[in-house]
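Engineer: Below is model20.tsv; it holds TSV, C-alpha atoms.
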```tsv
chain	number	residue	atom	x	y	z
A	1	MET	CA	16.85	-0.79	-280.58
A	2	LYS	CA	15.74	0.46	-283.94
A	3	VAL	CA	17.15	3.75	-285.14
A	4	GLU	CA	13.66	5.00	-286.05
A	5	GLU	CA	12.50	4.41	-282.46
A	6	LEU	CA	15.53	6.25	-281.11
A	7	ARG	CA	14.97	9.20	-283.43
A	8	ALA	CA	11.28	9.37	-282.44
A	9	ILE	CA	12.13	9.41	-278.73
A	10	LEU	CA	14.95	11.93	-279.05
A	11	SER	CA	12.88	14.27	-281.19
A	12	GLY	CA	10.05	14.14	-278.67
A	13	SER	CA	9.61	16.27	-275.58
A	14	ASP	CA	9.50	13.57	-272.87
A	15	VAL	CA	12.70	14.17	-270.88
A	16	GLU	CA	12.17	11.09	-268.72
A	17	GLU	CA	11.80	8.85	-271.78
A	18	LYS	CA	14.94	10.35	-273.33
A	19	THR	CA	16.87	9.76	-270.11
A	20	GLU	CA	15.68	6.16	-269.92
A	21	VAL	CA	16.59	5.33	-273.52
A	22	LEU	CA	20.03	6.94	-273.16
A	23	SER	CA	20.67	5.02	-269.95
A	24	HIS	CA	19.59	1.82	-271.69
A	25	LEU	CA	21.93	2.55	-274.61
A	26	CYS	CA	24.85	3.09	-272.23
A	27	ASP	CA	24.13	-0.32	-270.69
A	28	VAL	CA	23.98	-1.90	-274.15
A	29	PHE	CA	27.23	-0.23	-275.21
A	30	GLU	CA	28.96	-1.42	-272.02
A	31	SER	CA	27.81	-5.00	-272.57
A	32	TYR	CA	29.97	-7.72	-274.01
A	33	ASN	CA	27.61	-8.03	-276.96
A	34	ASN	CA	29.76	-7.00	-279.90
A	35	SER	CA	27.09	-7.54	-282.52
A	36	ILE	CA	24.65	-4.80	-281.63
A	37	ASP	CA	22.23	-4.27	-284.48
A	38	ASN	CA	22.60	-0.86	-286.09
A	39	CYS	CA	25.35	0.25	-283.69
A	40	LYS	CA	26.90	2.58	-286.26
A	41	GLU	CA	23.53	4.09	-287.19
A	42	ILE	CA	22.60	4.53	-283.52
A	43	ILE	CA	25.82	6.44	-282.84
A	44	ILE	CA	25.30	8.63	-285.91
A	45	ALA	CA	21.74	9.38	-284.78
A	46	LEU	CA	23.03	10.24	-281.30
A	47	LEU	CA	25.58	12.62	-282.82
A	48	ASP	CA	22.87	14.29	-284.84
A	49	PHE	CA	20.57	14.74	-281.85
A	50	GLY	CA	23.47	15.75	-279.61
A	51	PHE	CA	23.78	18.96	-281.57
A	52	LYS	CA	20.04	19.52	-281.91
A	53	GLU	CA	19.11	18.96	-278.25
A	54	ASP	CA	18.36	22.11	-276.25
A	55	ASN	CA	18.10	20.53	-272.79
A	56	LEU	CA	21.64	20.64	-271.37
A	57	GLU	CA	21.21	17.54	-269.20
A	58	ILE	CA	19.94	15.48	-272.13
A	59	LYS	CA	22.69	16.88	-274.38
A	60	GLU	CA	25.26	15.75	-271.81
A	61	GLU	CA	23.63	12.31	-271.59
A	62	ILE	CA	23.72	11.96	-275.36
A	63	PHE	CA	27.43	12.73	-275.54
A	64	ASN	CA	28.08	10.46	-272.55
A	65	ALA	CA	26.29	7.65	-274.40
A	66	ILE	CA	28.45	8.24	-277.48
A	67	LEU	CA	31.55	8.22	-275.27
A	68	THR	CA	30.44	4.92	-273.74
A	69	ALA	CA	30.10	3.48	-277.24
A	70	ALA	CA	33.52	4.85	-278.20
A	71	THR	CA	34.99	3.28	-275.06
A	72	TYR	CA	33.53	-0.20	-275.46
A	73	LYS	CA	32.71	-0.68	-279.14
A	74	ASN	CA	34.56	-0.46	-282.43
A	75	ILE	CA	34.00	3.05	-283.82
A	76	ASP	CA	36.46	2.79	-286.73
A	77	GLU	CA	33.76	3.03	-289.39
A	78	ILE	CA	32.08	6.10	-287.92
A	79	ASN	CA	32.84	9.54	-289.29
A	80	PHE	CA	33.10	12.00	-286.40
A	81	ASP	CA	33.88	15.01	-288.61
A	82	ILE	CA	30.64	16.72	-287.54
A	83	LEU	CA	31.84	16.54	-283.94
A	84	ALA	CA	35.27	17.95	-284.77
A	85	TYR	CA	33.84	20.72	-286.96
A	86	ASN	CA	31.28	21.77	-284.34
A	87	LEU	CA	33.26	21.50	-281.10
A	88	ASP	CA	33.05	25.25	-280.59
A	89	THR	CA	29.24	25.10	-280.54
A	90	LEU	CA	29.08	22.68	-277.61
A	91	PRO	CA	28.60	23.78	-274.02
A	92	GLU	CA	31.59	23.18	-271.76
A	93	GLU	CA	29.67	20.41	-269.98
A	94	CYS	CA	29.96	18.29	-273.13
A	95	PHE	CA	33.64	18.87	-273.80
A	96	HIS	CA	34.99	15.97	-271.77
A	97	SER	CA	32.94	13.49	-273.78
A	98	ALA	CA	33.50	15.21	-277.13
A	99	LEU	CA	37.27	15.56	-276.82
A	100	THR	CA	37.66	12.04	-275.47
A	101	ILE	CA	35.55	10.61	-278.32
A	102	LEU	CA	37.80	12.32	-280.87
A	103	GLY	CA	40.85	10.88	-279.10
A	104	PHE	CA	39.38	7.38	-279.27
A	105	THR	CA	39.07	7.63	-283.05
A	106	PHE	CA	42.88	7.70	-283.33
A	107	LYS	CA	42.53	9.90	-286.42
A	108	LYS	CA	45.37	12.34	-287.01
A	109	ASP	CA	42.95	14.62	-288.87
A	110	TYR	CA	41.41	15.60	-285.54
A	111	LEU	CA	44.67	16.77	-283.94
A	112	SER	CA	44.26	20.31	-285.29
A	113	TYR	CA	40.81	20.54	-283.70
A	114	LEU	CA	42.11	19.24	-280.38
A	115	THR	CA	45.18	21.48	-280.18
A	116	LYS	CA	42.91	24.55	-280.14
A	117	TYR	CA	41.92	23.54	-276.60
A	118	LEU	CA	45.44	23.26	-275.18
A	119	ASP	CA	45.21	26.90	-274.06
A	120	HIS	CA	41.58	26.80	-272.88
A	121	GLU	CA	40.85	28.75	-269.71
A	122	ASN	CA	39.20	25.68	-268.16
A	123	GLY	CA	41.89	23.33	-266.83
A	124	SER	CA	39.70	20.24	-267.23
A	125	ILE	CA	39.17	21.00	-270.91
A	126	ARG	CA	42.92	21.52	-271.37
A	127	ALA	CA	43.55	18.15	-269.68
A	128	ASP	CA	40.95	16.41	-271.84
A	129	ALA	CA	42.55	17.89	-274.98
A	130	ILE	CA	46.00	16.68	-273.85
A	131	ASN	CA	44.64	13.20	-273.14
A	132	ALA	CA	42.89	13.02	-276.53
A	133	ILE	CA	46.04	14.16	-278.35
A	134	ASN	CA	48.10	11.61	-276.40
A	135	GLU	CA	45.62	8.84	-277.38
A	136	ILE	CA	46.03	9.64	-281.07
A	137	GLU	CA	49.79	10.20	-281.01
A	138	GLY	CA	50.36	7.16	-278.80
A	139	TYR	CA	48.36	4.97	-281.14
A	140	TRP	CA	50.41	6.03	-284.15
A	141	ALA	CA	53.72	5.79	-282.29
A	142	LYS	CA	52.93	2.17	-281.39
A	143	LYS	CA	51.99	1.38	-285.00
A	144	GLN	CA	55.42	2.57	-286.12
A	145	GLU	CA	57.34	0.38	-283.64
```
Represent the structure contained in this file as structure tokens.

Structural biologist:
Amino acid sequence: MKVEELRAILSGSDVEEKTEVLSHLCDVFESYNNSIDNCKEIIIALLDFGFKEDNLEIKEEIFNAILTAATYKNIDEINFDILAYNLDTLPEECFHSALTILGFTFKKDYLSYLTKYLDHENGSIRADAINAINEIEGYWAKKQE
């Protein structure tokens, strides 16, 4: 999929079309194809639209698609600072994906953003923060062995 096509669909108002393209992207990200054209640019576009989207269901689907990419594809070259900096602006429904994505980056820089959620009133968000922190710390502990 071309990034321009994705941007056109996500900036449009057709909820069904957005849902279809996000579902398709999840399938593509889950595939064994490791040479997806424009994968990095697609994820960056999804991040951008994830913050701009007003429809909660579509916003959730966008962050779920990014999480699927983070789960199955190499995200080392992607800068997720915008996600870390703007965590507080996300609805709780997007926190599982957002916190997990940050954990899958294995970047120590994101630990300070994640630790803020260790005392969150929502137990699921606390658990997601703990898991993300454990991903990062576990990665670096293994590298030092």

Engineer: Rank A:Ala8, A:Ile136, A:Ile42, A:Ile130 by their smallest atom-to-atom distance to Lys108 in chain A, using all atoms listed in the file, and report the top residue only.

Structural biologist: A:Ile136

Engineer: Within 10 Å of (28.4, 9.3, -291.0), all atoms listed in the file: residues as a list of chain:residue names?

Structural biologist: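 Residues with an atom close enough to that point: A:Lys40, A:Glu41, A:Ile43, A:Ile44, A:Ala45, A:Leu47, A:Asp48, A:Glu77, A:Ile78, A:Asn79, A:Phe80, A:Asp81, A:Ile82.
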
Engineer: Expressed in Å to a single decimal, how great is the separation between CA of Glu30 in chain A and CA of Ile66 in chain A?

Structural biologist: 11.1 Å

Engineer: Residues at most 12 Å from Asp88 in chain A, counting all atoms listed in the file, excluding those fewer than 5 positions away in the same chain, as JSON, numbers by chain?

Structural biologist: {"A": [51, 82, 83, 94, 95, 98, 99, 113, 114, 116, 117, 120]}

Engineer: Kindly export the residues of the current selection with C-alpha atoms, as a CSV table (one decimal), keeping the file's coordinate frame.

Structural biologist:
```
chain,number,residue,atom,x,y,z
A,51,PHE,CA,23.8,19.0,-281.6
A,82,ILE,CA,30.6,16.7,-287.5
A,83,LEU,CA,31.8,16.5,-283.9
A,94,CYS,CA,30.0,18.3,-273.1
A,95,PHE,CA,33.6,18.9,-273.8
A,98,ALA,CA,33.5,15.2,-277.1
A,99,LEU,CA,37.3,15.6,-276.8
A,113,TYR,CA,40.8,20.5,-283.7
A,114,LEU,CA,42.1,19.2,-280.4
A,116,LYS,CA,42.9,24.6,-280.1
A,117,TYR,CA,41.9,23.5,-276.6
A,120,HIS,CA,41.6,26.8,-272.9
```

Engineer: What's the 8 Å shell around Cys26 in chain A, counting all atoms listed in the file, without same-chain residues fewer than 5 positions away, as a VMD selection string?

Structural biologist: chain A and resid 65 68 to 69

Engineer: In Å, rounded to a single decimal, give me how far CA of Ile9 in chain A is from CA of Lys52 in chain A.

Structural biologist: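 Separation between CA of Lys52 in chain A and CA of Ile9 in chain A: 13.2 Å.
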
Engineer: Kindly indicate which residue among A:Asp109, A:Asp76, A:Glu17, A:Asp54 lies nearest to Glu5 in chain A, using only C-alpha atoms for the distances.

Structural biologist: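 Counting only C-alpha atoms, the residue closest to Glu5 in chain A is A:Glu17.
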
Engineer: How many Å separate CA of Ala132 in chain A from CA of Thr100 in chain A?

Structural biologist: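 So the two atoms, CA of Ala132 in chain A and CA of Thr100 in chain A, lie 5.4 Å apart.
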
Engineer: Using all atoms listed in the file, find the one residue out of A:Phe106, A:Leu87, A:His96, A:Ile62 that sits nearest to Ile75 in chain A.

Structural biologist: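 Result for the nearest residue to Ile75 in chain A: A:Phe106.
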
Engineer: Fewer than 4 positions away in the same chain doesn't count, so skip those; otherwise give me all residues within 9 Å of Ile58 in chain A, counting only C-alpha atoms, as JSON, numbers by chain.

Structural biologist: {"A": [15, 18, 19, 22, 50, 53, 54, 62, 63]}

Engineer: Edge lengths and centre, in Å to one decimal, as JSON: that's what I need for the box along x, y and z that holds all listed atoms of range 50-60 of chain A plus 4 Å on each side.

Structural biologist:
```
{"center_x": 21.7, "center_y": 18.8, "center_z": -275.6, "size_x": 15.2, "size_y": 14.6, "size_z": 20.7}
```

Engineer: Identify the residues within 8 Å of coordinate (35.2, -7.5, -276.2) (same frame as the file), considering all atoms listed in the file, and give the answer as a list in words.

Structural biologist: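 Residues with an atom at most 8 Å from (35.2, -7.5, -276.2): Tyr32, Asn33, Asn34, Tyr72 and Lys73 of chain A.
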
Engineer: Using all atoms listed in the file, which of the listed residues (A:Ala127, A:Thr115, A:Met1, A:Thr105) sits closest to Trp140 in chain A?

Structural biologist: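 Smallest separation from Trp140 in chain A among the options: A:Thr105.
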
Engineer: I'd like to know which of A:Glu93, A:Glu20, A:Asp37, A:Asp14 is closest to Leu56 in chain A, using all atoms listed in the file.

Structural biologist: A:Glu93

Engineer: Ranking A:Asn55, A:Ser124, A:Asn74, A:Asn134 by minimum distance to Cys39 in chain A and counting all atoms listed in the file, which one comes first?

Structural biologist: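 Once distances to Cys39 in chain A are computed over all atoms listed in the file, the minimum belongs to A:Asn74.
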